[in-house]
file final14.csv (CSV, C-alpha atoms and all ligand atoms)
chain,number,residue,atom,x,y,z
A,1,MET,CA,49.2,-69.3,-13.9
A,2,VAL,CA,45.7,-68.1,-12.9
A,3,GLU,CA,47.2,-66.1,-10.1
A,4,LEU,CA,49.6,-64.3,-12.5
A,5,ALA,CA,46.7,-63.4,-14.8
A,6,GLY,CA,44.7,-62.1,-11.9
A,7,LEU,CA,47.7,-60.0,-10.8
A,8,LEU,CA,48.2,-58.6,-14.3
A,9,GLY,CA,44.5,-57.8,-14.5
A,10,GLY,CA,44.6,-56.0,-11.2
A,11,ALA,CA,47.7,-54.0,-12.1
A,12,THR,CA,46.1,-53.0,-15.5
A,13,LEU,CA,43.0,-51.7,-13.7
A,14,THR,CA,45.1,-49.8,-11.2
A,15,LEU,CA,47.0,-48.1,-14.1
A,16,ILE,CA,43.7,-47.2,-15.8
A,17,VAL,CA,42.4,-45.6,-12.7
A,18,VAL,CA,45.6,-43.7,-12.1
A,19,ALA,CA,45.6,-42.6,-15.7
A,20,PHE,CA,42.0,-41.2,-15.4
A,21,HIS,CA,42.9,-39.5,-12.2
A,22,TYR,CA,45.7,-37.5,-13.8
A,23,ALA,CA,44.0,-37.0,-17.1
A,24,LYS,CA,43.1,-33.3,-17.8
A,25,GLY,CA,39.6,-32.4,-18.7
A,26,THR,CA,38.4,-31.6,-22.2
A,27,GLY,CA,38.8,-27.9,-21.5
A,28,TRP,CA,35.1,-27.4,-21.9
A,29,GLU,CA,33.7,-24.5,-19.8
A,30,ALA,CA,30.1,-23.4,-19.5
A,31,PRO,CA,29.6,-20.4,-21.8
A,32,GLU,CA,29.0,-17.0,-20.2
A,33,ASP,CA,25.3,-16.3,-19.5
A,34,ILE,CA,24.3,-13.7,-22.1
A,35,SER,CA,20.6,-14.0,-21.6
A,36,GLN,CA,20.3,-10.6,-19.9
A,37,GLU,CA,22.3,-9.0,-22.7
A,38,VAL,CA,20.0,-10.6,-25.3
A,39,LEU,CA,16.9,-9.4,-23.4
A,40,GLU,CA,18.3,-5.9,-23.3
A,41,GLN,CA,19.0,-5.9,-27.0
A,42,ARG,CA,15.6,-7.1,-27.8
A,43,ALA,CA,14.0,-4.6,-25.4
A,44,ALA,CA,16.0,-1.8,-27.2
A,45,SER,CA,14.7,-3.0,-30.5
A,46,VAL,CA,11.0,-2.5,-29.5
A,47,PRO,CA,10.0,1.1,-30.4
A,48,GLU,CA,8.6,3.3,-27.6
A,49,THR,CA,5.0,4.3,-28.0
A,50,ASP,CA,3.5,7.6,-26.8
A,51,PHE,CA,0.0,6.2,-26.2
A,52,ALA,CA,-1.3,4.5,-23.1
A,53,GLU,CA,-1.2,0.8,-23.3
A,54,PRO,CA,-3.1,-1.5,-21.0
A,55,TYR,CA,-0.1,-3.7,-20.3
A,56,ASN,CA,3.6,-3.3,-20.3
A,57,ARG,CA,4.8,-4.8,-23.6
A,58,SER,CA,8.5,-4.1,-23.0
A,59,ILE,CA,10.5,-7.3,-23.5
A,60,GLY,CA,12.4,-8.0,-20.4
A,61,GLY,CA,13.1,-4.4,-20.1
A,62,GLY,CA,10.8,-3.3,-17.2
A,63,GLY,CA,9.3,-0.4,-19.1
A,64,ALA,CA,7.3,2.5,-17.7
A,65,ALA,CA,4.0,1.7,-15.9
A,66,ALA,CA,0.9,1.9,-17.9
A,67,ILE,CA,-0.8,5.3,-17.8
A,68,PRO,CA,-4.5,5.2,-16.9
A,69,ALA,CA,-6.9,5.6,-19.8
A,70,GLY,CA,-7.2,9.2,-20.9
A,71,GLY,CA,-4.3,10.4,-18.7
A,72,ALA,CA,-1.4,12.1,-20.3
A,73,GLU,CA,1.8,12.2,-18.2
A,74,GLY,CA,1.0,15.7,-16.9
A,75,GLU,CA,-2.4,14.7,-15.7
A,76,LEU,CA,-0.9,11.6,-14.1
A,77,ALA,CA,1.5,13.7,-12.1
A,78,GLU,CA,-1.5,15.8,-10.9
A,79,GLY,CA,-3.3,12.6,-10.0
A,80,ASP,CA,-0.3,11.6,-7.9
A,81,GLU,CA,-0.6,14.8,-6.0
A,82,ALA,CA,-4.3,14.3,-5.5
A,83,GLU,CA,-3.5,10.8,-4.2
A,84,GLU,CA,-1.1,12.3,-1.7
A,85,GLU,CA,-3.7,14.7,-0.5
A,86,ASP,CA,-6.2,11.9,-0.1
A,87,GLU,CA,-3.8,10.0,2.1
A,88,GLY,CA,-5.4,11.7,5.0
A,89,PHE,CA,-4.7,14.2,7.7
A,90,ASP,CA,-1.9,13.5,10.2
A,91,PRO,CA,-3.0,14.6,13.7
A,92,ASP,CA,0.7,14.4,14.9
A,93,SER,CA,1.5,17.2,12.5
A,94,ILE,CA,-0.3,19.6,14.8
A,95,ALA,CA,2.1,21.3,17.2
A,96,ASP,CA,1.1,21.6,20.8
A,97,ASP,CA,0.6,25.4,20.5
A,98,GLU,CA,-1.6,24.9,17.5
A,99,VAL,CA,-4.1,22.6,19.1
A,100,GLU,CA,-7.7,24.0,18.9
A,101,TYR,CA,-10.9,22.9,20.6
A,102,TYR,CA,-14.3,22.7,19.2
A,103,GLU,CA,-17.8,22.2,20.7
A,104,ILE,CA,-19.2,18.9,19.6
A,105,GLU,CA,-22.8,18.1,20.5
A,106,PHE,CA,-23.5,14.4,20.8
A,107,ALA,CA,-27.2,14.4,20.0
A,108,LYS,CA,-28.0,10.9,21.2
A,109,GLU,CA,-25.9,11.2,24.4
A,110,GLY,CA,-27.5,14.6,25.1
A,111,GLU,CA,-24.2,16.4,25.8
A,112,THR,CA,-21.8,18.9,24.3
A,113,ILE,CA,-18.1,18.4,24.9
A,114,GLU,CA,-14.9,20.0,23.8
A,115,VAL,CA,-12.8,18.0,21.4
A,116,ALA,CA,-9.3,18.9,20.3
A,117,ASN,CA,-8.4,19.0,16.6
A,118,ASN,CA,-5.9,16.2,17.3
A,119,GLU,CA,-8.4,13.9,19.0
A,120,THR,CA,-10.9,11.7,17.3
A,121,ILE,CA,-14.6,12.0,17.9
A,122,LEU,CA,-14.7,8.4,19.0
A,123,ASP,CA,-11.9,8.8,21.6
A,124,ALA,CA,-13.4,12.0,22.9
A,125,GLY,CA,-16.8,10.3,23.3
A,126,GLU,CA,-15.3,7.2,25.0
A,127,GLU,CA,-13.5,9.5,27.5
A,128,GLU,CA,-16.9,10.6,28.5
A,129,GLY,CA,-17.7,7.0,29.3
A,130,TRP,CA,-20.1,6.5,26.4
A,131,ASP,CA,-20.3,3.1,24.9
A,132,LEU,CA,-19.8,4.0,21.2
A,133,PRO,CA,-19.7,1.5,18.4
A,134,TYR,CA,-16.4,0.6,16.7
A,135,ALA,CA,-14.5,-2.3,15.2
A,136,CYS,CA,-11.2,-1.6,13.3
A,137,ARG,CA,-10.5,1.9,14.6
A,138,GLN,CA,-8.6,2.4,11.3
A,139,GLY,CA,-11.2,3.8,8.9
A,140,GLN,CA,-11.5,0.4,7.3
A,141,CYS,CA,-15.0,-0.7,8.3
A,142,ILE,CA,-18.0,1.4,9.0
A,143,SER,CA,-18.9,0.3,12.5
A,144,CYS,CA,-18.1,3.7,14.0
A,145,ALA,CA,-19.9,5.8,11.5
A,146,GLY,CA,-21.8,8.9,12.7
A,147,HIS,CA,-23.9,11.6,11.0
A,148,ILE,CA,-23.0,15.2,11.2
A,149,GLN,CA,-26.3,17.1,11.1
A,150,ASP,CA,-24.9,20.5,10.1
A,151,GLY,CA,-23.8,19.7,6.5
A,152,PRO,CA,-21.1,17.9,4.5
A,153,ALA,CA,-18.8,16.1,6.8
A,154,GLU,CA,-15.7,17.6,5.2
A,155,ASP,CA,-16.7,21.1,6.4
A,156,TYR,CA,-16.5,19.9,10.0
A,157,ILE,CA,-14.0,17.1,10.3
A,158,ARG,CA,-10.8,15.7,8.7
A,159,HIS,CA,-10.3,12.0,8.3
A,160,SER,CA,-6.8,10.7,8.9
A,161,GLN,CA,-7.8,7.6,6.9
A,162,ASN,CA,-11.0,6.7,5.1
A,163,GLU,CA,-11.3,3.5,3.2
A,164,SER,CA,-15.1,3.0,3.7
A,165,LEU,CA,-17.1,6.1,2.9
A,166,PHE,CA,-17.7,7.4,-0.5
A,167,GLU,CA,-17.7,11.1,-1.3
A,168,ASP,CA,-21.4,11.1,-1.6
A,169,ASP,CA,-21.7,9.7,1.9
A,170,MET,CA,-19.5,12.5,3.3
A,171,GLU,CA,-21.5,15.1,1.3
A,172,ASP,CA,-24.5,13.7,3.2
A,173,GLY,CA,-22.7,14.3,6.5
A,174,TYR,CA,-21.4,10.9,7.4
A,175,CYS,CA,-18.1,10.4,8.9
A,176,LEU,CA,-16.0,7.6,10.5
A,177,THR,CA,-15.7,8.8,14.1
A,178,CYS,CA,-12.6,6.6,14.8
A,179,VAL,CA,-10.5,8.6,12.4
A,180,ALA,CA,-12.4,11.9,12.3
A,181,TYR,CA,-10.8,15.1,13.8
A,182,PRO,CA,-12.9,18.2,14.2
A,183,VAL,CA,-12.2,21.5,12.4
A,184,ASP,CA,-15.4,23.3,13.5
A,185,ASP,CA,-18.3,23.0,16.0
A,186,PHE,CA,-21.1,20.6,15.0
A,187,THR,CA,-23.8,18.2,16.1
A,188,ILE,CA,-23.3,14.5,15.5
A,189,GLU,CA,-25.6,11.5,15.8
A,190,THR,CA,-23.5,8.5,16.7
A,191,SER,CA,-24.3,4.9,15.4
A,192,GLU,CA,-25.6,6.3,12.1
A,193,SER,CA,-24.3,4.9,8.8
A,194,PRO,CA,-25.2,5.6,5.2
B,201,LIG,S1,-14.2,1.5,13.6
B,201,LIG,FE1,-13.8,0.7,11.6
B,201,LIG,S2,-13.9,2.6,10.4
B,201,LIG,FE2,-14.1,3.3,12.5
call {"tool": "encode", "arguments": {"input": "final14.csv", "output": "structure tokens", "more": "lines below"}}
Ligand code: FES
result
Amino acid sequence: MVELAGLLGGATLTLIVVAFHYAKGTGWEAPEDISQEVLEQRAASVPETDFAEPYNRSIGGGGAAAIPAGGAEGELAEGDEAEEEDEGFDPDSIADDEVEYYEIEFAKEGETIEVANNETILDAGEEEGWDLPYACRQGQCISCAGHIQDGPAEDYIRHSQNESLFEDDMEDGYCLTCVAYPVDDFTIETSESP
């Protein structure tokens, strides 16, 4: 009798498992993700402003970048151009037949050498065997600085990159010899920083 009850219980359980196996789901599906759509609608509902704001207040919309204080769009464009100009001189842009040479007097070394306008003052000095100071060779420190005695540095050299000297320093004749290319003859004192 007990065996029959056990058998019936087992059969019932098996039927329940089979029934669950073939039962269809509830038909529920995850709703479509509309969060982006909602964000876009909310962004569209925020009125545009025509004044500079310190932060982007667009809601999920990725609005235009903030315009620097006092800068209208036209002025910003000009600023962009200025930035491009500030990016520095590219010595590779000089064609072989446009290479020019200038007489550079190294005051402390007591010699005058010819330096091409696509060669740095530091490289030219090192080729002479002089032990000139440097560290990064990328215009990012000031280890290689030198002082042009003839006037504002920008009248005599072009920097391919300058992340260390202020305009006032260059007005006073300082340059970064590792990234300075001559555009005229001049006298320089190496190992001189502002
Ligand atoms: S070696 Fe660093 S700026 Fe010239």
call {"tool": "closest_residue", "arguments": {"input": "final14.csv", "among": "A:Glu103, A:Glu167, A:Asp92, A:Glu189", "to": "Cys144 in chain A", "atoms": "all atoms listed in the file"}}
result
A:Glu189
call {"tool": "atom_distance", "arguments": {"input": "final14.csv", "atom1": "CA of Tyr174 in chain A", "atom2": "CA of Asp97 in chain A"}}
result
29.4 Å
call {"tool": "closest_atom_pairs", "arguments": {"input": "final14.csv", "of": "chain A", "to": "ligand LIG 201 (chain B)", "cutoff": "9 Å", "atoms": "all atoms listed in the file", "output": "CSV"}}
result
residue,atom,partner,partner_atom,distance
A:Leu122,CA,B:LIG201,FE2,8.3
A:Pro133,CA,B:LIG201,S1,7.3
A:Tyr134,CA,B:LIG201,S1,3.9
A:Ala135,CA,B:LIG201,S1,4.1
A:Cys136,CA,B:LIG201,FE1,3.9
A:Arg137,CA,B:LIG201,S1,3.9
A:Gln138,CA,B:LIG201,S2,5.4
A:Gly139,CA,B:LIG201,S2,3.3
A:Gln140,CA,B:LIG201,S2,4.5
A:Cys141,CA,B:LIG201,FE1,3.8
A:Ile142,CA,B:LIG201,S2,4.5
A:Ser143,CA,B:LIG201,S1,5.0
A:Cys144,CA,B:LIG201,FE2,4.3
A:Ala145,CA,B:LIG201,FE2,6.4
A:Gln161,CA,B:LIG201,S2,8.6
A:Asn162,CA,B:LIG201,S2,7.3
A:Glu163,CA,B:LIG201,S2,7.7
A:Ser164,CA,B:LIG201,S2,6.8
A:Leu165,CA,B:LIG201,S2,8.9
A:Cys175,CA,B:LIG201,FE2,8.9
A:Leu176,CA,B:LIG201,FE2,5.1
A:Thr177,CA,B:LIG201,FE2,5.9
A:Cys178,CA,B:LIG201,FE2,4.3
A:Val179,CA,B:LIG201,FE2,6.4
A:Ala180,CA,B:LIG201,FE2,8.8
call {"tool": "write_last_selection", "arguments": {"input": "final14.csv", "atoms": "C-alpha atoms", "output": "mmCIF file, in the coordinates of the input"}}
result
data_model
loop_
_atom_site.group_PDB
_atom_site.id
_atom_site.type_symbol
_atom_site.label_atom_id
_atom_site.label_comp_id
_atom_site.auth_asym_id
_atom_site.auth_seq_id
_atom_site.Cartn_x
_atom_site.Cartn_y
_atom_site.Cartn_z
ATOM 1 C CA LEU A 122 -14.700 8.400 19.000
ATOM 2 C CA PRO A 133 -19.700 1.500 18.400
ATOM 3 C CA TYR A 134 -16.400 0.600 16.700
ATOM 4 C CA ALA A 135 -14.500 -2.300 15.200
ATOM 5 C CA CYS A 136 -11.200 -1.600 13.300
ATOM 6 C CA ARG A 137 -10.500 1.900 14.600
ATOM 7 C CA GLN A 138 -8.600 2.400 11.300
ATOM 8 C CA GLY A 139 -11.200 3.800 8.900
ATOM 9 C CA GLN A 140 -11.500 0.400 7.300
ATOM 10 C CA CYS A 141 -15.000 -0.700 8.300
ATOM 11 C CA ILE A 142 -18.000 1.400 9.000
ATOM 12 C CA SER A 143 -18.900 0.300 12.500
ATOM 13 C CA CYS A 144 -18.100 3.700 14.000
ATOM 14 C CA ALA A 145 -19.900 5.800 11.500
ATOM 15 C CA GLN A 161 -7.800 7.600 6.900
ATOM 16 C CA ASN A 162 -11.000 6.700 5.100
ATOM 17 C CA GLU A 163 -11.300 3.500 3.200
ATOM 18 C CA SER A 164 -15.100 3.000 3.700
ATOM 19 C CA LEU A 165 -17.100 6.100 2.900
ATOM 20 C CA CYS A 175 -18.100 10.400 8.900
ATOM 21 C CA LEU A 176 -16.000 7.600 10.500
ATOM 22 C CA THR A 177 -15.700 8.800 14.100
ATOM 23 C CA CYS A 178 -12.600 6.600 14.800
ATOM 24 C CA VAL A 179 -10.500 8.600 12.400
ATOM 25 C CA ALA A 180 -12.400 11.900 12.300
#
call {"tool": "atom_distance", "arguments": {"input": "final14.csv", "atom1": "CA of Glu127 in chain A", "atom2": "CA of Ser191 in chain A"}}
result
16.9 Å
call {"tool": "atom_distance", "arguments": {"input": "final14.csv", "atom1": "CA of Glu154 in chain A", "atom2": "CA of Gly129 in chain A"}}
result
26.4 Å
